[in-house]
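Q: Structure: data_5.cif, mmCIF, C-alpha atoms.
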```
data_protein
#
loop_
_atom_site.label_atom_id
_atom_site.label_comp_id
_atom_site.auth_asym_id
_atom_site.auth_seq_id
_atom_site.Cartn_x
_atom_site.Cartn_y
_atom_site.Cartn_z
CA MET A 1 15.46 -26.89 -21.38
CA ARG A 2 14.24 -29.14 -24.20
CA LEU A 3 12.86 -32.26 -22.55
CA PRO A 4 13.25 -35.44 -24.61
CA GLN A 5 10.02 -37.09 -25.73
CA ALA A 6 11.18 -40.43 -24.36
CA ARG A 7 11.28 -39.00 -20.83
CA LEU A 8 7.77 -37.55 -21.21
CA ASP A 9 6.46 -40.86 -22.55
CA GLN A 10 8.01 -42.63 -19.58
CA VAL A 11 6.02 -40.47 -17.15
CA LEU A 12 2.70 -40.98 -18.96
CA ASP A 13 3.26 -44.73 -19.36
CA ARG A 14 3.91 -45.10 -15.63
CA PHE A 15 0.86 -42.98 -14.75
CA ARG A 16 -1.42 -45.08 -16.98
CA GLU A 17 0.04 -48.27 -15.53
CA ILE A 18 -0.70 -47.08 -11.98
CA GLU A 19 -4.29 -46.20 -12.94
CA ALA A 20 -4.80 -49.63 -14.51
CA ARG A 21 -3.36 -51.42 -11.45
CA MET A 22 -5.51 -49.34 -9.10
CA SER A 23 -8.70 -50.40 -10.86
CA ALA A 24 -7.69 -54.08 -10.59
CA ALA A 25 -6.16 -54.09 -7.09
CA SER A 26 -7.96 -55.75 -4.18
CA ASP A 27 -5.27 -55.80 -1.49
CA GLY A 28 -5.70 -52.87 0.93
CA ALA A 29 -1.99 -52.19 1.41
CA GLU A 30 -1.37 -52.22 -2.34
CA ILE A 31 -4.29 -49.85 -2.95
CA VAL A 32 -2.84 -47.40 -0.41
CA ARG A 33 0.62 -47.59 -2.00
CA LEU A 34 -0.75 -47.17 -5.54
CA SER A 35 -3.00 -44.27 -4.46
CA LYS A 36 -0.02 -42.48 -2.95
CA GLU A 37 2.05 -42.88 -6.12
CA HIS A 38 -0.94 -41.84 -8.23
CA ALA A 39 -1.34 -38.63 -6.19
CA GLU A 40 2.38 -37.87 -6.61
CA LEU A 41 2.38 -38.56 -10.36
CA LYS A 42 -0.87 -36.83 -11.31
CA PRO A 43 0.46 -33.23 -11.28
CA VAL A 44 3.42 -34.37 -13.38
CA ALA A 45 1.23 -36.26 -15.85
CA ASP A 46 -1.15 -33.29 -16.16
CA ALA A 47 1.78 -30.95 -16.85
CA VAL A 48 3.29 -33.35 -19.41
CA GLN A 49 -0.05 -33.67 -21.23
CA ALA A 50 -0.42 -29.87 -21.36
CA LEU A 51 3.10 -29.59 -22.79
CA GLU A 52 2.50 -32.33 -25.37
CA LYS A 53 -0.75 -30.66 -26.45
CA ALA A 54 1.06 -27.35 -26.95
CA ARG A 55 3.89 -29.02 -28.86
CA ALA A 56 1.38 -30.76 -31.13
CA GLU A 57 -0.36 -27.46 -31.91
CA GLN A 58 2.82 -25.77 -33.14
CA PRO A 59 3.22 -27.52 -36.55
CA GLU A 60 -0.50 -27.11 -37.24
CA LEU A 61 -0.31 -23.37 -36.57
CA GLU A 62 2.86 -23.06 -38.68
CA GLU A 63 1.05 -24.71 -41.59
CA MET A 64 -1.96 -22.42 -41.19
CA ALA A 65 0.32 -19.34 -40.93
CA ALA A 66 1.80 -20.23 -44.32
CA SER A 67 -1.60 -20.78 -45.99
CA GLY A 68 -3.02 -18.62 -48.76
CA ASP A 69 -5.93 -17.34 -46.65
CA ALA A 70 -4.66 -13.98 -45.38
CA ASP A 71 -7.11 -13.67 -42.49
CA MET A 72 -6.53 -17.25 -41.38
CA ALA A 73 -2.76 -16.84 -41.68
CA ALA A 74 -2.74 -13.65 -39.60
CA LEU A 75 -4.80 -15.31 -36.87
CA ALA A 76 -2.54 -18.37 -36.91
CA ARG A 77 0.59 -16.20 -36.65
CA ASP A 78 -0.81 -14.47 -33.54
CA GLU A 79 -1.62 -17.82 -31.95
CA LEU A 80 1.77 -19.20 -32.94
CA GLU A 81 3.56 -16.27 -31.35
CA ALA A 82 1.60 -16.75 -28.11
CA LEU A 83 2.32 -20.49 -28.17
CA LYS A 84 6.06 -19.98 -28.64
CA ALA A 85 6.07 -17.64 -25.64
CA LYS A 86 4.13 -20.21 -23.58
CA LEU A 87 6.21 -23.30 -24.45
CA PRO A 88 9.34 -22.42 -22.40
CA GLU A 89 7.15 -21.79 -19.37
CA LEU A 90 5.43 -25.16 -19.79
CA GLU A 91 8.76 -26.95 -20.27
CA HIS A 92 10.22 -25.24 -17.21
CA GLY A 93 7.22 -26.34 -15.13
CA VAL A 94 7.55 -29.95 -16.28
CA ALA A 95 11.32 -29.88 -15.70
CA LEU A 96 10.80 -28.73 -12.11
CA LEU A 97 8.35 -31.57 -11.52
CA LEU A 98 10.77 -34.11 -13.06
CA ALA A 99 13.86 -32.81 -11.26
CA PRO A 100 15.14 -34.78 -8.25
CA LYS A 101 13.14 -33.64 -5.25
CA ASP A 102 12.83 -34.11 -1.54
CA LYS A 103 10.23 -36.83 -0.98
CA ASP A 104 9.31 -35.18 2.33
CA GLU A 105 8.45 -31.87 0.63
CA ASN A 106 4.76 -32.02 1.53
CA ALA A 107 5.17 -33.44 5.02
CA SER A 108 4.23 -31.79 8.29
CA ALA A 109 7.22 -30.94 10.48
CA ILE A 110 8.61 -30.85 13.98
CA LEU A 111 10.24 -27.52 14.85
CA GLU A 112 12.87 -27.32 17.59
CA VAL A 113 14.36 -24.00 18.75
CA ARG A 114 17.18 -23.95 21.31
CA ALA A 115 19.02 -21.05 22.92
CA GLY A 116 22.72 -21.06 22.05
CA THR A 117 25.55 -18.79 23.14
CA GLY A 118 24.47 -15.58 24.86
CA GLY A 119 22.79 -16.59 28.13
CA ASP A 120 19.47 -14.89 28.88
CA GLU A 121 19.59 -12.91 25.63
CA ALA A 122 19.90 -16.16 23.64
CA ALA A 123 16.79 -17.54 25.36
CA LEU A 124 14.89 -14.32 24.60
CA PHE A 125 15.97 -14.57 20.96
CA ALA A 126 14.87 -18.23 20.83
CA GLY A 127 11.46 -17.01 22.02
CA ASP A 128 11.39 -14.35 19.31
CA LEU A 129 12.23 -16.94 16.64
CA PHE A 130 9.55 -19.34 17.84
CA ARG A 131 6.92 -16.59 17.78
CA MET A 132 8.07 -15.69 14.25
CA TYR A 133 7.43 -19.28 13.11
CA GLN A 134 4.11 -19.39 14.98
CA ARG A 135 2.87 -16.31 13.15
CA TYR A 136 4.20 -17.59 9.84
CA ALA A 137 2.35 -20.87 10.38
CA GLN A 138 -0.89 -19.02 11.18
CA GLN A 139 -0.62 -17.06 7.92
CA HIS A 140 -0.33 -20.34 6.00
CA GLY A 141 -3.21 -22.00 7.83
CA TRP A 142 -0.97 -24.53 9.59
CA ARG A 143 -1.64 -25.86 13.11
CA VAL A 144 1.05 -25.44 15.78
CA GLU A 145 1.07 -27.72 18.83
CA VAL A 146 3.81 -27.43 21.47
CA ASP A 147 5.41 -30.79 22.34
CA SER A 148 7.90 -29.75 25.02
CA ILE A 149 9.11 -26.50 26.56
CA SER A 150 11.83 -25.22 28.89
CA GLU A 151 11.48 -21.54 29.72
CA GLY A 152 14.39 -19.15 30.11
CA ASP A 153 15.13 -17.55 33.49
CA ALA A 154 14.52 -14.04 32.09
CA GLY A 155 11.88 -15.03 29.51
CA GLY A 156 11.97 -16.72 26.17
CA TYR A 157 12.94 -20.38 25.94
CA LYS A 158 16.00 -22.47 26.69
CA GLU A 159 14.40 -24.87 24.27
CA ILE A 160 11.00 -25.50 22.75
CA ALA A 161 9.68 -28.15 20.36
CA ALA A 162 6.41 -28.05 18.45
CA SER A 163 4.57 -29.98 15.76
CA ILE A 164 3.47 -27.92 12.77
CA THR A 165 0.78 -29.67 10.79
CA GLY A 166 -0.28 -28.76 7.27
CA ASP A 167 0.41 -29.30 3.60
CA GLY A 168 3.96 -28.50 2.50
CA VAL A 169 5.22 -27.40 5.93
CA PHE A 170 8.58 -29.17 5.69
CA GLY A 171 9.13 -28.02 2.10
CA ARG A 172 8.97 -24.37 3.19
CA LEU A 173 10.60 -24.56 6.61
CA LYS A 174 13.44 -27.03 6.00
CA PHE A 175 15.78 -24.19 5.01
CA GLU A 176 15.46 -22.76 8.54
CA SER A 177 17.63 -25.49 10.08
CA GLY A 178 20.89 -24.06 11.36
CA VAL A 179 22.35 -21.41 13.65
CA HIS A 180 20.53 -18.05 13.74
CA ARG A 181 22.58 -15.14 15.08
CA VAL A 182 21.18 -11.92 16.54
CA GLN A 183 22.92 -8.58 17.05
CA ARG A 184 21.05 -6.13 19.26
CA VAL A 185 21.15 -4.17 22.53
CA PRO A 186 19.63 -6.36 25.28
CA GLU A 187 16.99 -4.79 27.51
CA THR A 188 19.26 -5.53 30.49
CA GLU A 189 22.24 -3.67 28.94
CA ALA A 190 22.60 -0.30 30.70
CA GLN A 191 25.48 0.91 28.53
CA GLY A 192 23.62 0.43 25.24
CA ARG A 193 26.22 -1.98 23.85
CA ILE A 194 25.31 -4.36 21.05
CA HIS A 195 25.51 -8.02 22.05
CA THR A 196 25.71 -11.02 19.76
CA SER A 197 23.94 -14.23 20.70
CA ALA A 198 22.54 -17.22 18.86
CA ALA A 199 19.82 -19.84 18.75
CA THR A 200 19.70 -23.14 16.91
CA VAL A 201 16.73 -24.17 14.79
CA ALA A 202 16.02 -27.72 13.66
CA VAL A 203 13.18 -28.64 11.30
CA LEU A 204 12.44 -32.36 11.01
CA PRO A 205 9.91 -33.98 8.66
CA GLU A 206 7.14 -35.70 10.56
CA VAL A 207 7.17 -39.32 9.48
CA GLU A 208 4.46 -41.93 9.24
CA ASP A 209 4.64 -44.97 11.49
CA VAL A 210 5.47 -47.15 8.50
CA ASP A 211 8.63 -45.14 7.76
CA ILE A 212 10.50 -45.79 11.02
CA GLU A 213 10.30 -48.85 13.29
CA VAL A 214 11.32 -48.43 16.93
CA ARG A 215 11.72 -51.71 18.82
CA ASP A 216 10.60 -51.84 22.46
CA GLN A 217 13.95 -53.30 23.54
CA ASP A 218 15.76 -50.29 22.03
CA ILE A 219 14.11 -47.66 24.22
CA ARG A 220 13.97 -46.73 27.89
CA ILE A 221 10.95 -44.74 29.09
CA ASP A 222 11.16 -42.68 32.29
CA THR A 223 8.45 -40.60 33.91
CA TYR A 224 9.16 -37.61 36.11
CA ARG A 225 7.56 -34.48 37.54
CA SER A 226 7.98 -31.55 35.18
CA SER A 227 9.38 -28.32 36.59
CA GLY A 228 7.74 -24.95 36.15
CA ALA A 229 7.55 -21.40 37.35
CA GLY A 230 5.39 -22.39 40.34
CA GLY A 231 1.72 -22.04 41.20
CA GLN A 232 -1.08 -23.91 39.50
CA HIS A 233 0.94 -24.84 36.39
CA VAL A 234 3.40 -27.14 38.18
CA ASN A 235 2.59 -30.81 37.68
CA LYS A 236 1.97 -32.60 40.99
CA THR A 237 2.21 -36.07 39.42
CA ASP A 238 4.92 -37.81 37.41
CA SER A 239 3.28 -37.12 34.04
CA ALA A 240 6.30 -35.89 32.05
CA VAL A 241 7.92 -38.51 29.82
CA ARG A 242 11.53 -39.01 28.75
CA ILE A 243 12.34 -41.60 26.07
CA THR A 244 15.95 -42.67 25.50
CA HIS A 245 16.84 -44.51 22.30
CA LEU A 246 19.61 -46.82 23.50
CA PRO A 247 21.38 -47.59 20.17
CA THR A 248 21.82 -43.91 19.26
CA GLY A 249 21.63 -42.15 22.64
CA ILE A 250 18.88 -39.82 21.37
CA VAL A 251 16.77 -38.45 24.25
CA VAL A 252 13.37 -36.81 23.80
CA THR A 253 10.98 -35.41 26.38
CA SER A 254 7.40 -34.19 26.57
CA SER A 255 6.02 -32.43 29.62
CA GLU A 256 2.36 -31.59 29.09
CA LYS A 257 -0.33 -32.63 31.61
CA SER A 258 -1.27 -36.05 30.19
CA GLN A 259 1.28 -38.87 30.53
CA HIS A 260 -0.40 -40.82 27.72
CA GLN A 261 -0.24 -37.79 25.42
CA ASN A 262 3.35 -37.10 26.43
CA ARG A 263 4.41 -40.63 25.55
CA ALA A 264 2.77 -40.40 22.12
CA ARG A 265 4.37 -37.01 21.42
CA ALA A 266 7.80 -38.09 22.60
CA MET A 267 7.65 -41.20 20.41
CA LYS A 268 6.65 -39.06 17.42
CA VAL A 269 9.63 -36.76 17.97
CA LEU A 270 11.97 -39.74 18.45
CA LYS A 271 10.90 -41.22 15.11
CA ALA A 272 11.43 -37.85 13.43
CA ARG A 273 14.95 -37.61 14.91
CA LEU A 274 15.85 -41.13 13.77
CA TYR A 275 14.47 -40.41 10.31
CA GLU A 276 16.49 -37.19 10.17
CA GLN A 277 19.66 -39.19 10.91
CA GLN A 278 18.92 -41.26 7.82
CA ARG A 279 18.34 -38.10 5.76
CA GLU A 280 21.60 -36.54 6.96
CA ALA A 281 23.53 -39.69 6.07
CA LEU A 282 22.08 -39.57 2.54
CA ASP A 283 22.86 -35.84 2.25
CA ALA A 284 26.46 -36.47 3.31
CA ALA A 285 26.79 -39.23 0.72
CA ARG A 286 25.49 -36.94 -2.03
CA ALA A 287 27.27 -33.77 -0.88
CA GLU A 288 30.20 -34.04 -3.29
CA SER A 289 27.95 -34.13 -6.33
CA ARG A 290 25.45 -31.50 -5.21
CA LYS A 291 25.81 -28.04 -6.68
CA SER A 292 24.04 -26.38 -3.74
CA GLN A 293 23.94 -27.14 -0.05
CA VAL A 294 21.05 -24.76 0.65
CA GLY A 295 18.83 -27.56 1.88
CA SER A 296 21.46 -29.65 3.63
CA GLY A 297 20.19 -28.72 7.09
CA ASP A 298 23.65 -28.52 8.68
CA ARG A 299 22.69 -27.23 12.12
CA SER A 300 26.26 -26.28 13.06
CA GLU A 301 26.40 -23.72 10.24
CA ARG A 302 25.52 -20.07 10.87
CA ILE A 303 22.86 -19.49 8.28
CA ARG A 304 21.35 -16.10 9.11
CA THR A 305 22.04 -12.88 11.02
CA TYR A 306 19.36 -10.57 12.43
CA ASN A 307 20.89 -7.10 13.01
CA PHE A 308 18.37 -5.02 14.96
CA PRO A 309 20.22 -1.64 15.00
CA GLN A 310 20.32 -1.68 11.18
CA GLY A 311 16.95 -3.42 10.71
CA ARG A 312 18.81 -5.94 8.55
CA VAL A 313 18.40 -9.66 7.87
CA THR A 314 21.21 -11.47 6.04
CA ASP A 315 21.05 -15.07 4.85
CA HIS A 316 24.67 -16.13 4.44
CA ARG A 317 24.01 -19.16 2.22
CA ILE A 318 22.81 -17.10 -0.75
CA ASN A 319 24.26 -13.70 0.23
CA LEU A 320 20.77 -12.23 0.58
CA THR A 321 20.35 -9.02 2.60
CA LEU A 322 16.99 -7.41 3.35
CA TYR A 323 16.14 -4.32 5.37
CA ASN A 324 12.70 -5.38 6.62
CA LEU A 325 13.68 -7.03 9.90
CA PRO A 326 10.52 -6.03 11.87
CA LYS A 327 8.23 -7.62 9.27
CA VAL A 328 10.42 -10.73 9.07
CA MET A 329 10.23 -11.15 12.85
CA GLU A 330 6.44 -10.79 12.64
CA GLY A 331 6.41 -13.67 10.16
CA GLU A 332 4.70 -11.65 7.45
CA ALA A 333 7.91 -11.10 5.42
CA LEU A 334 9.63 -14.42 6.16
CA ASP A 335 8.70 -15.57 2.64
CA ASP A 336 11.00 -12.80 1.34
CA VAL A 337 13.83 -14.93 2.72
CA ILE A 338 12.40 -18.40 2.13
CA ASN A 339 11.34 -17.90 -1.52
CA PRO A 340 14.89 -17.09 -2.77
CA LEU A 341 16.18 -20.16 -0.90
CA ILE A 342 13.56 -22.31 -2.62
CA ALA A 343 14.50 -20.76 -5.99
CA GLU A 344 18.17 -21.56 -5.36
CA ASP A 345 17.28 -25.13 -4.49
CA GLN A 346 15.12 -25.44 -7.62
CA ALA A 347 18.00 -24.17 -9.77
CA ALA A 348 20.26 -26.84 -8.27
CA ARG A 349 17.64 -29.53 -8.93
CA LEU A 350 17.23 -28.39 -12.56
CA ALA A 351 21.00 -28.50 -12.99
CA ALA A 352 20.96 -32.07 -11.65
CA LEU A 353 18.23 -32.97 -14.17
CA GLU A 354 20.26 -31.44 -17.01
CA ASP A 355 23.27 -33.52 -15.94
CA GLU A 356 21.08 -36.63 -15.90
CA LEU A 357 19.62 -35.94 -19.35
CA GLY A 358 23.03 -35.03 -20.70
CA GLY A 359 24.40 -38.27 -19.39
#
```
What is this file in structure tokens?

A:
Amino acid sequence: MRLPQARLDQVLDRFREIEARMSAASDGAEIVRLSKEHAELKPVADAVQALEKARAEQPELEEMAASGDADMAALARDELEALKAKLPELEHGVALLLAPKDKDENASAILEVRAGTGGDEAALFAGDLFRMYQRYAQQHGWRVEVDSISEGDAGGYKEIAASITGDGVFGRLKFESGVHRVQRVPETEAQGRIHTSAATVAVLPEVEDVDIEVRDQDIRIDTYRSSGAGGQHVNKTDSAVRITHLPTGIVVTSSEKSQHQNRARAMKVLKARLYEQQREALDAARAESRKSQVGSGDRSERIRTYNFPQGRVTDHRINLTLYNLPKVMEGEALDDVINPLIAEDQAARLAALEDELGG
């Protein structure tokens, strides 16, 4: 893709303007806003400057390659050949940075896994999925903190929600939202028959307080005693918290030991859910013009099947089939699924940029 010089100049002009305004700003809120935009623009500006430098070198090398000095010309031709091979890669990198992107790409995330159809087996599968994401998070150096949990009668989870904190969490996990289907022989199945069950995964970007305002009159907060398996882990005080958002009917809970901590966690999840509603509304508005719905996060759609007898994982959105199910479930090969989804999304974003430039 040949990027027009005017678009590159636009990026550098804006970056220089932000730097100039930062050095002159005195208002704290404005400094924070400018710093955030500067951090977002810097990788783009650096990539544009590297591309411009390479483009500027090309005519100089062409002139040297045509000179009468044989040794100089040979050296220039070698450098010119290397430069011509490097230019498409530089342009592709800049194009990716300029393409329309998810502004929540680098955000932390809230992960929710719920058992679907399949009874006890669905709860066990939900537990397997959550452990897969836990291990994946550990490999990336992300922190996982459970917000709420409801255990299955035979193990696993009826539902579990956790905060995953780190750089770029949402950008990598957002493609996991949807219905995950499993085909395997349950441990309780005496006849050895394969059962199909499902679990639903939702990945929500964790938002800053400034992004979503929740008015006190719009929520109802209830406290209650959380249930458990018995023994020392059952709460003996009303420390669990349930927050109901009255305008939307959204209900969130947190049931750890501290009521204060539960309230803070439940409010964080509520804001993420409200923010996700806004994102979904925007996605729906753009759906007709989008070339790919890979990142749409439609949780009613079956996105992936885990077939244990065949050791197979199939992602239905991009027709990807892999035969490394054990490693995927351990989290170590989950990138083998996620990376092609990211590549598909990048291709769609580049196509959108081409349409924009063509227009």

Q: Please, what distance in Å, to one decimal, runs between CA of Val251 (chain A) and CA of Thr223 (chain A)?

A: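 Value for the CA of Val251 (chain A)-CA of Thr223 (chain A) distance: 12.9 Å.
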
Q: Neighbours of Glu63 (chain A) within 10 Å (only C-alpha atoms; same-chain residues fewer than 4 positions away dropped), as a list in words?

A: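 So the residues in contact are Gln58, Pro59, Ser67, Ala73, Ala76 and Arg77 of chain A.
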
Q: Would you output that residue set with C-alpha atoms, as a JSON list (two decimals), in the frame of the given file?

A:
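As a result, again17.json now contains:
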```json
[["chain", "number", "residue", "atom", "x", "y", "z"],
["A", 58, "GLN", "CA", 2.82, -25.77, -33.14],
["A", 59, "PRO", "CA", 3.22, -27.52, -36.55],
["A", 67, "SER", "CA", -1.60, -20.78, -45.99],
["A", 73, "ALA", "CA", -2.76, -16.84, -41.68],
["A", 76, "ALA", "CA", -2.54, -18.37, -36.91],
["A", 77, "ARG", "CA", 0.59, -16.20, -36.65]]
```

Q: May I have the residues within 12 Å of Asp153 (chain A) as a PyMOL selection string, using all atoms listed in the file and disregarding those fewer than 6 positions away in the same chain?

A: chain A and resi 115+119-124+159+228-229

Q: What do you get, as a list in words, if you spell out every residue that the PyMOL selection byres ((chain A and resi 310) around 10) selects here?

A: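 Evaluating the PyMOL selection byres ((chain A and resi 310) around 10) on these coordinates yields Gln183, Arg184, Tyr306, Asn307, Phe308, Pro309, Gly311, Arg312, Val313, Tyr323, Asn324 and Leu325 of chain A.
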
Q: Of the candidates A:Ala202, A:Met64, A:Leu246, A:Leu341, which shows the shortest atom-to-atom distance to Asp315 (chain A), using all atoms listed in the file?

A: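 Of A:Ala202, A:Met64, A:Leu246, A:Leu341, the one nearest Asp315 (chain A), counting all atoms listed in the file, is A:Leu341.
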
Q: Rounded to one decimal, what separation in Å do you get between CA of Asp218 (chain A) and CA of His245 (chain A)?

A: 5.9 Å

Q: On this structure, which residues satisfy the PyMOL selection byres ((chain A and resi 329) around 12), written as a ChimeraX atom specification?

A: /A:125-136,182,306-308,311-313,323-328,330-337

Q: For the structure shown, which residues end up in the PyMOL selection byres ((chain A and resi 217) around 12)? Put them as a list in words, please?

A: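 Residues picked by the PyMOL selection byres ((chain A and resi 217) around 12): Glu213, Val214, Arg215, Asp216, Asp218, Ile219, Arg220, Ile221, Thr244, His245, Leu246 and Pro247 of chain A.
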
Q: Please identify all polymer residues within 12 Å of Glu356 (chain A), counting only C-alpha atoms, omitting same-chain residues fewer than 5 positions from it, and present them as a list in words.

A: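 Surrounding residues, per the criterion: Leu3, Pro4, Arg7, Ala95, Leu98, Ala99, Pro100, Arg349, Leu350 and Ala351 of chain A.
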
Q: Complete region 102-117 of chain A with N, CA and C atoms (output as a PDB file, in the coordinates of the input).

A:
```
ATOM      1  N   ASP A 102      12.911 -33.581  -2.892  1.00  0.00           N
ATOM      2  CA  ASP A 102      12.830 -34.110  -1.540  1.00  0.00           C
ATOM      3  C   ASP A 102      11.483 -34.800  -1.374  1.00  0.00           C
ATOM      4  N   LYS A 103      11.505 -36.089  -1.072  1.00  0.00           N
ATOM      5  CA  LYS A 103      10.230 -36.830  -0.980  1.00  0.00           C
ATOM      6  C   LYS A 103       9.402 -36.406   0.230  1.00  0.00           C
ATOM      7  N   ASP A 104      10.032 -35.651   1.150  1.00  0.00           N
ATOM      8  CA  ASP A 104       9.310 -35.180   2.330  1.00  0.00           C
ATOM      9  C   ASP A 104       8.772 -33.757   2.149  1.00  0.00           C
ATOM     10  N   GLU A 105       8.818 -33.258   0.924  1.00  0.00           N
ATOM     11  CA  GLU A 105       8.450 -31.870   0.630  1.00  0.00           C
ATOM     12  C   GLU A 105       7.093 -31.480   1.215  1.00  0.00           C
ATOM     13  N   ASN A 106       6.117 -32.365   1.114  1.00  0.00           N
ATOM     14  CA  ASN A 106       4.760 -32.020   1.530  1.00  0.00           C
ATOM     15  C   ASN A 106       4.428 -32.424   2.960  1.00  0.00           C
ATOM     16  N   ALA A 107       5.420 -32.932   3.678  1.00  0.00           N
ATOM     17  CA  ALA A 107       5.170 -33.440   5.020  1.00  0.00           C
ATOM     18  C   ALA A 107       4.947 -32.315   6.030  1.00  0.00           C
ATOM     19  N   SER A 108       4.256 -32.662   7.119  1.00  0.00           N
ATOM     20  CA  SER A 108       4.230 -31.790   8.290  1.00  0.00           C
ATOM     21  C   SER A 108       5.627 -31.840   8.915  1.00  0.00           C
ATOM     22  N   ALA A 109       5.861 -31.024   9.950  1.00  0.00           N
ATOM     23  CA  ALA A 109       7.220 -30.940  10.480  1.00  0.00           C
ATOM     24  C   ALA A 109       7.224 -30.773  11.991  1.00  0.00           C
ATOM     25  N   ILE A 110       8.355 -31.126  12.580  1.00  0.00           N
ATOM     26  CA  ILE A 110       8.610 -30.850  13.980  1.00  0.00           C
ATOM     27  C   ILE A 110       9.667 -29.756  14.039  1.00  0.00           C
ATOM     28  N   LEU A 111       9.354 -28.677  14.725  1.00  0.00           N
ATOM     29  CA  LEU A 111      10.240 -27.520  14.850  1.00  0.00           C
ATOM     30  C   LEU A 111      10.848 -27.516  16.245  1.00  0.00           C
ATOM     31  N   GLU A 112      12.180 -27.413  16.309  1.00  0.00           N
ATOM     32  CA  GLU A 112      12.870 -27.320  17.590  1.00  0.00           C
ATOM     33  C   GLU A 112      13.722 -26.056  17.586  1.00  0.00           C
ATOM     34  N   VAL A 113      13.565 -25.226  18.608  1.00  0.00           N
ATOM     35  CA  VAL A 113      14.360 -24.000  18.750  1.00  0.00           C
ATOM     36  C   VAL A 113      15.067 -24.065  20.096  1.00  0.00           C
ATOM     37  N   ARG A 114      16.384 -23.886  20.086  1.00  0.00           N
ATOM     38  CA  ARG A 114      17.180 -23.950  21.310  1.00  0.00           C
ATOM     39  C   ARG A 114      18.049 -22.696  21.439  1.00  0.00           C
ATOM     40  N   ALA A 115      18.118 -22.166  22.656  1.00  0.00           N
ATOM     41  CA  ALA A 115      19.020 -21.050  22.920  1.00  0.00           C
ATOM     42  C   ALA A 115      20.458 -21.537  22.800  1.00  0.00           C
ATOM     43  N   GLY A 116      21.313 -20.710  22.189  1.00  0.00           N
ATOM     44  CA  GLY A 116      22.720 -21.060  22.050  1.00  0.00           C
ATOM     45  C   GLY A 116      23.579 -20.160  22.927  1.00  0.00           C
ATOM     46  N   THR A 117      24.673 -19.667  22.381  1.00  0.00           N
ATOM     47  CA  THR A 117      25.550 -18.790  23.140  1.00  0.00           C
ATOM     48  C   THR A 117      24.867 -17.445  23.383  1.00  0.00           C
TER      49      THR A 117
END
```
